[in-house]
Amino acid sequence: SAVPRPIRLGTRGSALARAQCDLVRKLIRDQHPGIGVETVLIRTEGDADKHSPLTVIGGRGVFTSALQDALRLRRIDAAVHSAKDLPSQDAPGLRFAAFLAREDPRDVLVSRHGCSLAELPPAPLIGTSSRRRATQIRHARPDARVTELRGNVDTRLRKAHSGPLDGIVLAAAGVTRMGWDPQISEYLPLDHFVPAPGQGALALEVRDDAARDSLFDALADPAYSLPVRVERAFLRGIGAGCTTPIGAYATLEEGRVLLRCMLASDDGIRAEWRTASFNSDEAEVGAADLARELLSAVSGPTSIGTPRSADHRPLSGKVVVVTRPAADAGDLCRLIEDAGGEALRAPAIRVESTPFDADMVSEGLRGGRWDWIAFTSRNAVRGFVDGLGKDVSDPAVLGPVRIAAVGPGTADAISEHGLRVDLVSLGTNARDLGSNLAATGVVGCRVLLPQGNLSRPELSNTLSEHGARVDAIDVYRTVPECSLPEALHDRLRRREIDAVTFTSPSSVREFVRLLADDAVWMAGTVVACIGETTATEAQSYGLGPVVIAERPGAGELVAAVIPALERAPKSSIKGVRA
């Protein structure tokens, strides 16, 4: 007789997703030893864009929609999801056959200090990709500075130990499934850190036309499936968007469902926590009713948390303009908003990858042509990796070359691709990196310098002066935007802008050009710059007062803005409004 076709399980390509899919394969093989099971890797939007905050690229759905499309096209027979990644509404034409055995649902803290959240140093810098976690962190530690953190579990764990982060908060399940439990500093309590709906559970999604008594449905266990369905009922009751801080965790105990839940306003200021118990056959309806109750509470004039009128965060009531390219602005905007300010996005430039001779570069790297690759920005990292078109984490791709980076932000971008950074300059510009590299002894060394079309020659000149041979290749180009948002022009004229941030000289030039006659309204507005070169460019246009971040990075830029606004006379920031 014909051999049955193997079952095709679809999953994302990350190490964690593959490990989770292996768990499902084992469950199927244990129950049906004669059936073959194949894994099909599907790339999702969340995997393709590792830089933008989840709230920018769409939040829930960015890790699931491509798998669901593969199901509809019959490329796979079932999709394996992390249940917490699922949108609130079920996808048309598909259904969930089972929610599977759940790992520890709690959030955990991983810290280079090896201590609990309460024991972290004053004003700790904590990374997370979740507004739910950010809200609960700030309620537990009001002095905390929370920053956007993307990447696979291993990437985030590396950042937790390398600084400047004091800690990161992520799901215990991902850390446990990868066998990295020893790195956990603290398991955060469920009463104060309510997990995301479905956190720790796996979901098995199939087409509607799949038989209801299939082997997929046979994997379902009410002890696991019912609690997750109750959590999803709470999620649907909220009708939450991707930016809403929401948590729900249900357990089944002696025929009743205990539900812990939390909901906060989108800005995280107003938040409510609840615990309720329901009969198991009424739990989904009860969860939806409780969701509407919490939604009313956080939308009303009073709630747990700090009222808007009593917001004493350092940028409360301030408007800060962000001129970075839209794809790179997420971290900076989030930090401004975390500090109570309004981030007004006004990108003056955009960055596009530039093709280069990838075959020549690949051959040179494999042959050991270069001793160092020196990256001066995240854009250089992105353009180089995109143009090379290879998995740079494979040791055979880059060969024995060492890697240098300007500042921790560029180093983070390199680490996100699974690469080790051998040298990170503490300064803010390419000249600093050149001096740091020269101190290692570069006489006779060859350095590959991926750069942009407007890059200045400081790094190349410094290295050449110290006896190195530099091969520069353009991997990205800076393109001026056509206009600035009309809201920026309007608010400048009404003197409602408190500060403007710049991260490159080109953003200064194009911002001033696009402002045209409205540049006069910039008089007295605080200008915060990353690096002396950018600051010099701003001063050449008469902008100021100018402040410079101590080090490259979004956090350092915000840290420079806060005291500058505290020092500035009110009359120089906001005049009489029209």
# chains A, B, ... in the order shown; residues from 1 in each chain; ligands from 1
call {"tool": "residues_around", "arguments": {"residues": "A:Trp372", "least_positions_apart": "6", "cutoff": "8 Å", "atoms": "only C-alpha atoms", "output": "ChimeraX atom specification"}}
result
/A:401-404,445-448
call {"tool": "residues_around", "arguments": {"residues": "A:Gly247", "least_positions_apart": "4", "cutoff": "10 Å", "atoms": "only C-alpha atoms", "output": "PDB file with all heavy atoms, in the first residue's frame"}}
result
ATOM      1  N   ARG A 132       2.660  45.850  28.007  1.00  0.00           N
ATOM      2  CA  ARG A 132       2.111  45.253  29.226  1.00  0.00           C
ATOM      3  C   ARG A 132       3.201  45.132  30.280  1.00  0.00           C
ATOM      4  O   ARG A 132       3.013  45.539  31.442  1.00  0.00           O
ATOM      5  CB  ARG A 132       1.529  43.862  28.905  1.00  0.00           C
ATOM      6  CG  ARG A 132       1.145  43.042  30.136  1.00  0.00           C
ATOM      7  CD  ARG A 132       0.787  41.625  29.737  1.00  0.00           C
ATOM      8  NE  ARG A 132       1.888  40.942  29.072  1.00  0.00           N
ATOM      9  CZ  ARG A 132       2.887  40.354  29.692  1.00  0.00           C
ATOM     10  NH1 ARG A 132       2.946  40.341  31.008  1.00  0.00           N
ATOM     11  NH2 ARG A 132       3.837  39.752  29.001  1.00  0.00           N
ATOM     12  N   ARG A 133       4.349  44.577  29.879  1.00  0.00           N
ATOM     13  CA  ARG A 133       5.453  44.450  30.831  1.00  0.00           C
ATOM     14  C   ARG A 133       5.954  45.830  31.264  1.00  0.00           C
ATOM     15  O   ARG A 133       6.258  46.046  32.439  1.00  0.00           O
ATOM     16  CB  ARG A 133       6.597  43.641  30.213  1.00  0.00           C
ATOM     17  CG  ARG A 133       6.247  42.175  29.996  1.00  0.00           C
ATOM     18  CD  ARG A 133       7.414  41.386  29.439  1.00  0.00           C
ATOM     19  NE  ARG A 133       7.024  40.012  29.161  1.00  0.00           N
ATOM     20  CZ  ARG A 133       7.158  39.411  27.991  1.00  0.00           C
ATOM     21  NH1 ARG A 133       7.690  40.054  26.966  1.00  0.00           N
ATOM     22  NH2 ARG A 133       6.777  38.154  27.834  1.00  0.00           N
ATOM     23  N   GLN A 136       3.706  47.251  33.948  1.00  0.00           N
ATOM     24  CA  GLN A 136       3.820  46.588  35.245  1.00  0.00           C
ATOM     25  C   GLN A 136       5.183  46.849  35.886  1.00  0.00           C
ATOM     26  O   GLN A 136       5.295  46.931  37.114  1.00  0.00           O
ATOM     27  CB  GLN A 136       3.523  45.101  35.079  1.00  0.00           C
ATOM     28  CG  GLN A 136       2.084  44.880  34.616  1.00  0.00           C
ATOM     29  CD  GLN A 136       1.665  43.430  34.506  1.00  0.00           C
ATOM     30  OE1 GLN A 136       0.773  42.975  35.208  1.00  0.00           O
ATOM     31  NE2 GLN A 136       2.303  42.684  33.620  1.00  0.00           N
ATOM     32  N   PHE A 193       2.562  40.896  38.007  1.00  0.00           N
ATOM     33  CA  PHE A 193       3.015  40.795  36.620  1.00  0.00           C
ATOM     34  C   PHE A 193       2.159  39.736  35.924  1.00  0.00           C
ATOM     35  O   PHE A 193       2.568  38.588  35.761  1.00  0.00           O
ATOM     36  CB  PHE A 193       4.503  40.441  36.550  1.00  0.00           C
ATOM     37  CG  PHE A 193       5.403  41.585  36.886  1.00  0.00           C
ATOM     38  CD1 PHE A 193       5.687  41.897  38.201  1.00  0.00           C
ATOM     39  CD2 PHE A 193       5.946  42.382  35.887  1.00  0.00           C
ATOM     40  CE1 PHE A 193       6.503  42.969  38.523  1.00  0.00           C
ATOM     41  CE2 PHE A 193       6.765  43.459  36.197  1.00  0.00           C
ATOM     42  CZ  PHE A 193       7.035  43.758  37.519  1.00  0.00           C
ATOM     43  N   VAL A 194       0.949  40.148  35.550  1.00  0.00           N
ATOM     44  CA  VAL A 194       0.027  39.224  34.894  1.00  0.00           C
ATOM     45  C   VAL A 194       0.534  38.952  33.481  1.00  0.00           C
ATOM     46  O   VAL A 194       0.838  39.886  32.728  1.00  0.00           O
ATOM     47  CB  VAL A 194      -1.398  39.813  34.846  1.00  0.00           C
ATOM     48  CG1 VAL A 194      -2.364  38.815  34.221  1.00  0.00           C
ATOM     49  CG2 VAL A 194      -1.858  40.205  36.246  1.00  0.00           C
ATOM     50  N   PRO A 195       0.658  37.687  33.087  1.00  0.00           N
ATOM     51  CA  PRO A 195       1.198  37.367  31.755  1.00  0.00           C
ATOM     52  C   PRO A 195       0.253  37.780  30.635  1.00  0.00           C
ATOM     53  O   PRO A 195      -0.928  38.081  30.854  1.00  0.00           O
ATOM     54  CB  PRO A 195       1.351  35.834  31.801  1.00  0.00           C
ATOM     55  CG  PRO A 195       1.229  35.455  33.241  1.00  0.00           C
ATOM     56  CD  PRO A 195       0.367  36.486  33.883  1.00  0.00           C
ATOM     57  N   ALA A 196       0.757  37.748  29.423  1.00  0.00           N
ATOM     58  CA  ALA A 196      -0.070  37.964  28.242  1.00  0.00           C
ATOM     59  C   ALA A 196      -1.021  36.785  28.070  1.00  0.00           C
ATOM     60  O   ALA A 196      -0.698  35.648  28.444  1.00  0.00           O
ATOM     61  CB  ALA A 196       0.807  38.098  27.003  1.00  0.00           C
ATOM     62  N   PRO A 197      -2.219  37.001  27.515  1.00  0.00           N
ATOM     63  CA  PRO A 197      -3.117  35.876  27.240  1.00  0.00           C
ATOM     64  C   PRO A 197      -2.408  34.805  26.413  1.00  0.00           C
ATOM     65  O   PRO A 197      -1.837  35.095  25.370  1.00  0.00           O
ATOM     66  CB  PRO A 197      -4.265  36.527  26.454  1.00  0.00           C
ATOM     67  CG  PRO A 197      -4.254  37.957  26.903  1.00  0.00           C
ATOM     68  CD  PRO A 197      -2.808  38.294  27.132  1.00  0.00           C
ATOM     69  N   GLY A 198      -2.426  33.581  26.909  1.00  0.00           N
ATOM     70  CA  GLY A 198      -1.801  32.472  26.188  1.00  0.00           C
ATOM     71  C   GLY A 198      -0.317  32.299  26.435  1.00  0.00           C
ATOM     72  O   GLY A 198       0.295  31.378  25.877  1.00  0.00           O
ATOM     73  N   GLN A 199       0.295  33.147  27.257  1.00  0.00           N
ATOM     74  CA  GLN A 199       1.750  33.079  27.452  1.00  0.00           C
ATOM     75  C   GLN A 199       2.165  31.715  28.013  1.00  0.00           C
ATOM     76  O   GLN A 199       1.591  31.227  28.973  1.00  0.00           O
ATOM     77  CB  GLN A 199       2.214  34.194  28.390  1.00  0.00           C
ATOM     78  CG  GLN A 199       3.725  34.258  28.562  1.00  0.00           C
ATOM     79  CD  GLN A 199       4.172  35.601  29.111  1.00  0.00           C
ATOM     80  OE1 GLN A 199       3.862  36.637  28.527  1.00  0.00           O
ATOM     81  NE2 GLN A 199       4.902  35.589  30.213  1.00  0.00           N
ATOM     82  N   GLU A 231      -8.716  33.071  28.616  1.00  0.00           N
ATOM     83  CA  GLU A 231      -7.850  34.245  28.465  1.00  0.00           C
ATOM     84  C   GLU A 231      -8.120  34.964  27.142  1.00  0.00           C
ATOM     85  O   GLU A 231      -8.142  36.202  27.080  1.00  0.00           O
ATOM     86  CB  GLU A 231      -6.381  33.817  28.534  1.00  0.00           C
ATOM     87  CG  GLU A 231      -5.960  33.277  29.892  1.00  0.00           C
ATOM     88  CD  GLU A 231      -4.690  32.451  29.851  1.00  0.00           C
ATOM     89  OE1 GLU A 231      -3.919  32.595  28.882  1.00  0.00           O
ATOM     90  OE2 GLU A 231      -4.471  31.657  30.782  1.00  0.00           O
ATOM     91  N   PHE A 234     -11.252  37.004  27.326  1.00  0.00           N
ATOM     92  CA  PHE A 234     -10.983  38.291  27.960  1.00  0.00           C
ATOM     93  C   PHE A 234     -10.364  39.255  26.940  1.00  0.00           C
ATOM     94  O   PHE A 234     -10.763  40.429  26.864  1.00  0.00           O
ATOM     95  CB  PHE A 234     -10.027  38.088  29.142  1.00  0.00           C
ATOM     96  CG  PHE A 234      -9.654  39.351  29.867  1.00  0.00           C
ATOM     97  CD1 PHE A 234     -10.485  39.884  30.837  1.00  0.00           C
ATOM     98  CD2 PHE A 234      -8.475  40.017  29.571  1.00  0.00           C
ATOM     99  CE1 PHE A 234     -10.154  41.064  31.497  1.00  0.00           C
ATOM    100  CE2 PHE A 234      -8.133  41.190  30.222  1.00  0.00           C
ATOM    101  CZ  PHE A 234      -8.972  41.711  31.193  1.00  0.00           C
ATOM    102  N   LEU A 235      -9.432  38.771  26.145  1.00  0.00           N
ATOM    103  CA  LEU A 235      -8.786  39.583  25.118  1.00  0.00           C
ATOM    104  C   LEU A 235      -9.808  40.092  24.111  1.00  0.00           C
ATOM    105  O   LEU A 235      -9.813  41.277  23.746  1.00  0.00           O
ATOM    106  CB  LEU A 235      -7.705  38.757  24.420  1.00  0.00           C
ATOM    107  CG  LEU A 235      -6.895  39.420  23.307  1.00  0.00           C
ATOM    108  CD1 LEU A 235      -6.077  40.582  23.860  1.00  0.00           C
ATOM    109  CD2 LEU A 235      -5.960  38.402  22.636  1.00  0.00           C
ATOM    110  N   ARG A 260      -6.790  35.745  36.648  1.00  0.00           N
ATOM    111  CA  ARG A 260      -6.088  36.980  37.009  1.00  0.00           C
ATOM    112  C   ARG A 260      -5.982  37.821  35.740  1.00  0.00           C
ATOM    113  O   ARG A 260      -5.652  37.304  34.671  1.00  0.00           O
ATOM    114  CB  ARG A 260      -4.677  36.696  37.527  1.00  0.00           C
ATOM    115  CG  ARG A 260      -4.602  35.933  38.828  1.00  0.00           C
ATOM    116  CD  ARG A 260      -3.130  35.705  39.179  1.00  0.00           C
ATOM    117  NE  ARG A 260      -2.938  35.043  40.457  1.00  0.00           N
ATOM    118  CZ  ARG A 260      -2.885  33.727  40.625  1.00  0.00           C
ATOM    119  NH1 ARG A 260      -3.029  32.934  39.573  1.00  0.00           N
ATOM    120  NH2 ARG A 260      -2.694  33.216  41.821  1.00  0.00           N
ATOM    121  N   CYS A 261      -6.219  39.121  35.835  1.00  0.00           N
ATOM    122  CA  CYS A 261      -6.159  39.944  34.631  1.00  0.00           C
ATOM    123  C   CYS A 261      -5.739  41.367  34.981  1.00  0.00           C
ATOM    124  O   CYS A 261      -5.835  41.800  36.143  1.00  0.00           O
ATOM    125  CB  CYS A 261      -7.492  39.950  33.896  1.00  0.00           C
ATOM    126  SG  CYS A 261      -8.898  40.398  34.926  1.00  0.00           S
ATOM    127  N   MET A 262      -5.252  42.073  33.991  1.00  0.00           N
ATOM    128  CA  MET A 262      -4.909  43.482  34.134  1.00  0.00           C
ATOM    129  C   MET A 262      -5.146  44.181  32.809  1.00  0.00           C
ATOM    130  O   MET A 262      -5.103  43.570  31.736  1.00  0.00           O
ATOM    131  CB  MET A 262      -3.456  43.687  34.581  1.00  0.00           C
ATOM    132  CG  MET A 262      -2.358  43.331  33.590  1.00  0.00           C
ATOM    133  SD  MET A 262      -1.982  44.556  32.282  1.00  0.00           S
ATOM    134  CE  MET A 262      -1.437  45.935  33.279  1.00  0.00           C
ATOM    135  N   LEU A 263      -5.428  45.476  32.919  1.00  0.00           N
ATOM    136  CA  LEU A 263      -5.605  46.295  31.727  1.00  0.00           C
ATOM    137  C   LEU A 263      -5.141  47.697  32.062  1.00  0.00           C
ATOM    138  O   LEU A 263      -5.390  48.200  33.161  1.00  0.00           O
ATOM    139  CB  LEU A 263      -7.084  46.323  31.295  1.00  0.00           C
ATOM    140  CG  LEU A 263      -7.398  47.186  30.065  1.00  0.00           C
ATOM    141  CD1 LEU A 263      -6.779  46.577  28.814  1.00  0.00           C
ATOM    142  CD2 LEU A 263      -8.904  47.344  29.882  1.00  0.00           C
ATOM    143  N   ALA A 264      -4.457  48.329  31.117  1.00  0.00           N
ATOM    144  CA  ALA A 264      -4.002  49.701  31.302  1.00  0.00           C
ATOM    145  C   ALA A 264      -4.369  50.521  30.075  1.00  0.00           C
ATOM    146  O   ALA A 264      -4.625  49.985  28.997  1.00  0.00           O
ATOM    147  CB  ALA A 264      -2.489  49.740  31.533  1.00  0.00           C
ATOM    148  N   TRP A 273      -6.039  45.922  38.066  1.00  0.00           N
ATOM    149  CA  TRP A 273      -5.800  44.490  38.228  1.00  0.00           C
ATOM    150  C   TRP A 273      -7.040  43.864  38.866  1.00  0.00           C
ATOM    151  O   TRP A 273      -7.679  44.480  39.723  1.00  0.00           O
ATOM    152  CB  TRP A 273      -4.593  44.239  39.137  1.00  0.00           C
ATOM    153  CG  TRP A 273      -3.247  44.452  38.518  1.00  0.00           C
ATOM    154  CD1 TRP A 273      -2.397  43.508  38.059  1.00  0.00           C
ATOM    155  CD2 TRP A 273      -2.580  45.702  38.311  1.00  0.00           C
ATOM    156  NE1 TRP A 273      -1.236  44.076  37.576  1.00  0.00           N
ATOM    157  CE2 TRP A 273      -1.318  45.431  37.721  1.00  0.00           C
ATOM    158  CE3 TRP A 273      -2.910  47.042  38.564  1.00  0.00           C
ATOM    159  CZ2 TRP A 273      -0.416  46.418  37.380  1.00  0.00           C
ATOM    160  CZ3 TRP A 273      -2.009  48.039  38.218  1.00  0.00           C
ATOM    161  CH2 TRP A 273      -0.778  47.713  37.631  1.00  0.00           C
TER     162      TRP A 273
END
call {"tool": "select_by_dssp", "arguments": {"residues": "stretch 393-485 of chain A", "states": "alpha helix (DSSP H)", "output": "VMD selection string"}}
result
chain A and resid 395 to 398 407 to 415 430 to 438 458 to 465
call {"tool": "select_by_dssp", "arguments": {"residues": "stretch 395-577 of chain A", "states": "strand (DSSP E)", "output": "short mmCIF file (atom, residue, chain, number, x, y, z; two decimals) with N, CA, C and O atoms, in the first residue's frame"}}
result
data_model
loop_
_atom_site.label_atom_id
_atom_site.label_comp_id
_atom_site.auth_asym_id
_atom_site.auth_seq_id
_atom_site.Cartn_x
_atom_site.Cartn_y
_atom_site.Cartn_z
N ARG A 402 37.76 40.38 12.47
CA ARG A 402 37.27 40.95 13.73
C ARG A 402 36.36 42.13 13.42
O ARG A 402 36.45 42.74 12.35
N ILE A 403 35.49 42.46 14.39
CA ILE A 403 34.45 43.47 14.15
C ILE A 403 34.57 44.59 15.18
O ILE A 403 34.70 44.34 16.38
N ALA A 404 34.53 45.84 14.68
CA ALA A 404 34.56 47.02 15.54
C ALA A 404 33.30 47.85 15.30
O ALA A 404 32.74 47.85 14.20
N ALA A 405 32.85 48.56 16.35
CA ALA A 405 31.60 49.32 16.25
C ALA A 405 31.72 50.64 17.00
O ALA A 405 32.39 50.73 18.02
N VAL A 406 31.02 51.65 16.49
CA VAL A 406 30.89 52.92 17.20
C VAL A 406 29.73 52.80 18.18
O VAL A 406 28.58 52.70 17.77
N LEU A 423 35.45 45.05 19.40
CA LEU A 423 35.84 46.35 19.93
C LEU A 423 34.67 47.31 19.79
O LEU A 423 34.08 47.43 18.71
N VAL A 424 34.30 47.98 20.89
CA VAL A 424 33.25 49.00 20.88
C VAL A 424 33.85 50.30 21.39
O VAL A 424 34.36 50.36 22.51
N SER A 425 33.80 51.34 20.56
CA SER A 425 34.34 52.62 20.99
C SER A 425 33.38 53.25 21.99
O SER A 425 32.16 53.10 21.89
N ARG A 446 44.36 45.43 7.14
CA ARG A 446 43.39 45.88 6.15
C ARG A 446 42.03 45.94 6.83
O ARG A 446 41.62 45.02 7.53
N VAL A 447 41.34 47.06 6.60
CA VAL A 447 40.07 47.31 7.26
C VAL A 447 38.98 47.50 6.20
O VAL A 447 39.14 48.32 5.28
N LEU A 448 37.89 46.76 6.32
CA LEU A 448 36.72 46.93 5.45
C LEU A 448 35.78 47.90 6.14
O LEU A 448 35.40 47.70 7.30
N LEU A 449 35.39 48.94 5.45
CA LEU A 449 34.57 50.00 6.03
C LEU A 449 33.25 50.13 5.26
O LEU A 449 33.18 50.84 4.26
N PRO A 450 32.19 49.44 5.69
CA PRO A 450 30.87 49.66 5.08
C PRO A 450 30.34 51.03 5.54
O PRO A 450 30.36 51.34 6.73
N GLN A 451 29.88 51.85 4.60
CA GLN A 451 29.51 53.22 4.95
C GLN A 451 28.37 53.69 4.07
O GLN A 451 27.89 52.99 3.18
N GLY A 452 27.93 54.92 4.33
CA GLY A 452 26.90 55.55 3.53
C GLY A 452 27.48 56.50 2.52
O GLY A 452 28.67 56.86 2.58
N ARG A 469 45.35 49.90 5.86
CA ARG A 469 44.82 50.05 4.50
C ARG A 469 43.31 49.88 4.59
O ARG A 469 42.82 48.87 5.08
N VAL A 470 42.58 50.87 4.11
CA VAL A 470 41.13 50.91 4.26
C VAL A 470 40.44 50.72 2.92
O VAL A 470 40.78 51.40 1.93
N ASP A 471 39.50 49.77 2.87
CA ASP A 471 38.64 49.58 1.70
C ASP A 471 37.23 49.99 2.09
O ASP A 471 36.56 49.30 2.87
N ALA A 472 36.77 51.13 1.59
CA ALA A 472 35.43 51.62 1.91
C ALA A 472 34.45 51.21 0.82
O ALA A 472 34.77 51.31 -0.38
N ILE A 473 33.29 50.74 1.21
CA ILE A 473 32.23 50.39 0.26
C ILE A 473 30.93 51.05 0.72
O ILE A 473 30.61 51.05 1.90
N ASP A 474 30.21 51.64 -0.23
CA ASP A 474 28.90 52.22 0.10
C ASP A 474 27.87 51.10 0.20
O ASP A 474 27.68 50.34 -0.77
N VAL A 475 27.21 51.00 1.35
CA VAL A 475 26.20 49.96 1.54
C VAL A 475 24.81 50.56 1.78
O VAL A 475 23.82 49.84 1.83
N TYR A 476 24.76 51.88 1.98
CA TYR A 476 23.46 52.54 2.09
C TYR A 476 23.60 53.98 1.61
O TYR A 476 24.71 54.52 1.50
N ARG A 477 22.47 54.59 1.32
CA ARG A 477 22.50 56.00 0.94
C ARG A 477 21.41 56.75 1.69
O ARG A 477 20.36 56.19 2.03
N THR A 478 21.69 57.99 1.97
CA THR A 478 20.75 58.86 2.67
C THR A 478 19.96 59.65 1.65
O THR A 478 20.54 60.32 0.78
N VAL A 479 18.64 59.58 1.74
CA VAL A 479 17.75 60.24 0.78
C VAL A 479 16.90 61.27 1.52
O VAL A 479 16.26 60.93 2.53
N PRO A 480 16.87 62.52 1.08
CA PRO A 480 16.04 63.53 1.75
C PRO A 480 14.56 63.21 1.63
O PRO A 480 14.10 62.71 0.59
N ALA A 499 11.76 70.72 22.17
CA ALA A 499 13.09 70.26 21.81
C ALA A 499 13.03 69.51 20.49
O ALA A 499 11.98 68.97 20.11
N VAL A 500 14.17 69.49 19.81
CA VAL A 500 14.32 68.73 18.56
C VAL A 500 15.56 67.87 18.70
O VAL A 500 16.59 68.33 19.20
N THR A 501 15.48 66.62 18.27
CA THR A 501 16.62 65.70 18.37
C THR A 501 17.18 65.41 16.98
O THR A 501 16.43 65.23 16.02
N PHE A 502 18.51 65.35 16.91
CA PHE A 502 19.20 65.02 15.66
C PHE A 502 20.23 63.93 15.94
O PHE A 502 20.94 63.98 16.95
N VAL A 526 15.45 73.98 22.35
CA VAL A 526 16.56 73.09 22.70
C VAL A 526 16.80 72.09 21.57
O VAL A 526 15.86 71.49 21.05
N VAL A 527 18.07 71.93 21.21
CA VAL A 527 18.45 70.99 20.16
C VAL A 527 19.40 69.96 20.78
O VAL A 527 20.46 70.33 21.30
N ALA A 528 19.01 68.70 20.75
CA ALA A 528 19.83 67.63 21.33
C ALA A 528 20.43 66.80 20.20
O ALA A 528 19.71 66.36 19.29
N CYS A 529 21.74 66.58 20.27
CA CYS A 529 22.46 65.92 19.18
C CYS A 529 23.27 64.74 19.71
O CYS A 529 23.78 64.77 20.83
N VAL A 546 22.25 74.11 22.09
CA VAL A 546 22.58 72.75 21.66
C VAL A 546 23.17 71.98 22.83
O VAL A 546 24.03 72.48 23.55
N VAL A 547 22.67 70.74 23.03
CA VAL A 547 23.26 69.83 24.01
C VAL A 547 23.67 68.55 23.29
O VAL A 547 23.08 68.18 22.26
N ILE A 548 24.69 67.90 23.82
CA ILE A 548 25.25 66.70 23.17
C ILE A 548 25.12 65.51 24.11
O ILE A 548 25.47 65.62 25.30
#
call {"tool": "residues_around", "arguments": {"residues": "A:Arg74", "least_positions_apart": "6", "cutoff": "10 Å", "atoms": "only C-alpha atoms", "output": "short mmCIF file (atom, residue, chain, number, x, y, z; two decimals) with C-alpha atoms, in the first residue's frame"}}
result
data_model
loop_
_atom_site.label_atom_id
_atom_site.label_comp_id
_atom_site.auth_asym_id
_atom_site.auth_seq_id
_atom_site.Cartn_x
_atom_site.Cartn_y
_atom_site.Cartn_z
CA ARG A 8 3.63 19.15 7.52
CA GLN A 68 -1.99 31.29 8.41
CA ARG A 207 -8.08 24.68 8.40
#
call {"tool": "closest_residue", "arguments": {"among": "A:Cys115, A:Val392, A:Leu488, A:Leu565", "to": "A:Val321", "atoms": "only C-alpha atoms"}}
result
A:Leu488
call {"tool": "closest_residue", "arguments": {"among": "A:Asp181, A:Glu148, A:Glu253, A:Asp386", "to": "A:Arg334", "atoms": "only C-alpha atoms"}}
result
A:Glu148
call {"tool": "residues_around", "arguments": {"residues": "A:Ala339", "least_positions_apart": "5", "cutoff": "9 Å", "atoms": "only C-alpha atoms", "output": "number ranges by chain"}}
result
A: 145, 313-316, 334, 558, 562
call {"tool": "residues_around", "arguments": {"residues": "stretch 274-277 of chain A", "least_positions_apart": "4", "cutoff": "10 Å", "atoms": "only C-alpha atoms", "output": "tab-separated table (two decimals) with N, CA and C atoms, in the first residue's frame"}}
result
chain	number	residue	atom	x	y	z
A	191	ASP	N	0.61	38.01	40.65
A	191	ASP	CA	-0.36	39.00	41.11
A	191	ASP	C	-0.01	40.41	40.63
A	194	VAL	N	0.95	40.15	35.55
A	194	VAL	CA	0.03	39.22	34.89
A	194	VAL	C	0.53	38.95	33.48
A	248	ALA	N	-3.75	38.44	31.03
A	248	ALA	CA	-4.78	37.52	31.51
A	248	ALA	C	-4.15	36.15	31.71
A	249	TYR	N	-4.43	35.55	32.88
A	249	TYR	CA	-3.90	34.22	33.16
A	249	TYR	C	-4.96	33.43	33.93
A	250	ALA	N	-5.37	32.31	33.37
A	250	ALA	CA	-6.43	31.49	33.97
A	250	ALA	C	-5.88	30.12	34.36
A	251	THR	N	-6.41	29.58	35.45
A	251	THR	CA	-6.09	28.22	35.88
A	251	THR	C	-7.38	27.47	36.17
A	252	LEU	N	-7.37	26.18	35.94
A	252	LEU	CA	-8.53	25.32	36.19
A	252	LEU	C	-8.33	24.59	37.50
A	253	GLU	N	-9.23	24.85	38.46
A	253	GLU	CA	-9.09	24.28	39.80
A	253	GLU	C	-10.43	23.75	40.28
A	256	ARG	N	-13.60	24.91	38.56
A	256	ARG	CA	-13.76	26.36	38.44
A	256	ARG	C	-12.51	26.97	37.79
A	257	VAL	N	-12.71	28.10	37.17
A	257	VAL	CA	-11.62	28.80	36.51
A	257	VAL	C	-11.29	30.06	37.30
A	258	LEU	N	-10.04	30.16	37.74
A	258	LEU	CA	-9.56	31.36	38.42
A	258	LEU	C	-8.84	32.21	37.38
A	259	LEU	N	-9.29	33.46	37.23
A	259	LEU	CA	-8.73	34.36	36.21
A	259	LEU	C	-8.09	35.57	36.87
A	260	ARG	N	-6.79	35.75	36.65
A	260	ARG	CA	-6.09	36.98	37.01
A	260	ARG	C	-5.98	37.82	35.74
A	261	CYS	N	-6.22	39.12	35.84
A	261	CYS	CA	-6.16	39.94	34.63
A	261	CYS	C	-5.74	41.37	34.98
A	262	MET	N	-5.25	42.07	33.99
A	262	MET	CA	-4.91	43.48	34.13
A	262	MET	C	-5.15	44.18	32.81
A	263	LEU	N	-5.43	45.48	32.92
A	263	LEU	CA	-5.60	46.30	31.73
A	263	LEU	C	-5.14	47.70	32.06
A	283	ALA	N	-17.15	30.37	32.13
A	283	ALA	CA	-15.93	31.16	32.31
A	283	ALA	C	-15.66	32.10	31.13
A	286	GLY	N	-17.99	35.01	31.41
A	286	GLY	CA	-17.60	35.82	32.55
A	286	GLY	C	-16.34	36.63	32.29
A	287	ALA	N	-15.39	36.02	31.58
A	287	ALA	CA	-14.15	36.73	31.26
A	287	ALA	C	-14.42	37.92	30.35
A	290	LEU	N	-15.93	40.69	32.46
A	290	LEU	CA	-14.91	41.31	33.30
A	290	LEU	C	-14.02	42.25	32.47
A	291	ALA	N	-13.78	41.85	31.23
A	291	ALA	CA	-12.99	42.70	30.34
A	291	ALA	C	-13.66	44.04	30.12
A	294	LEU	N	-13.23	46.25	33.23
A	294	LEU	CA	-11.91	46.87	33.34
A	294	LEU	C	-11.73	47.96	32.30
call {"tool": "residues_around", "arguments": {"residues": "A:Arg324", "least_positions_apart": "5", "cutoff": "7 Å", "atoms": "only C-alpha atoms", "output": "list in words"}}
result
Ala329, Pro347, Ala348, Phe502 and Thr503 of chain A
call {"tool": "closest_residue", "arguments": {"among": "A:Ser415, A:Asn279, A:Thr64, A:Gln20", "to": "A:Ser162", "atoms": "only C-alpha atoms"}}
result
A:Ser415
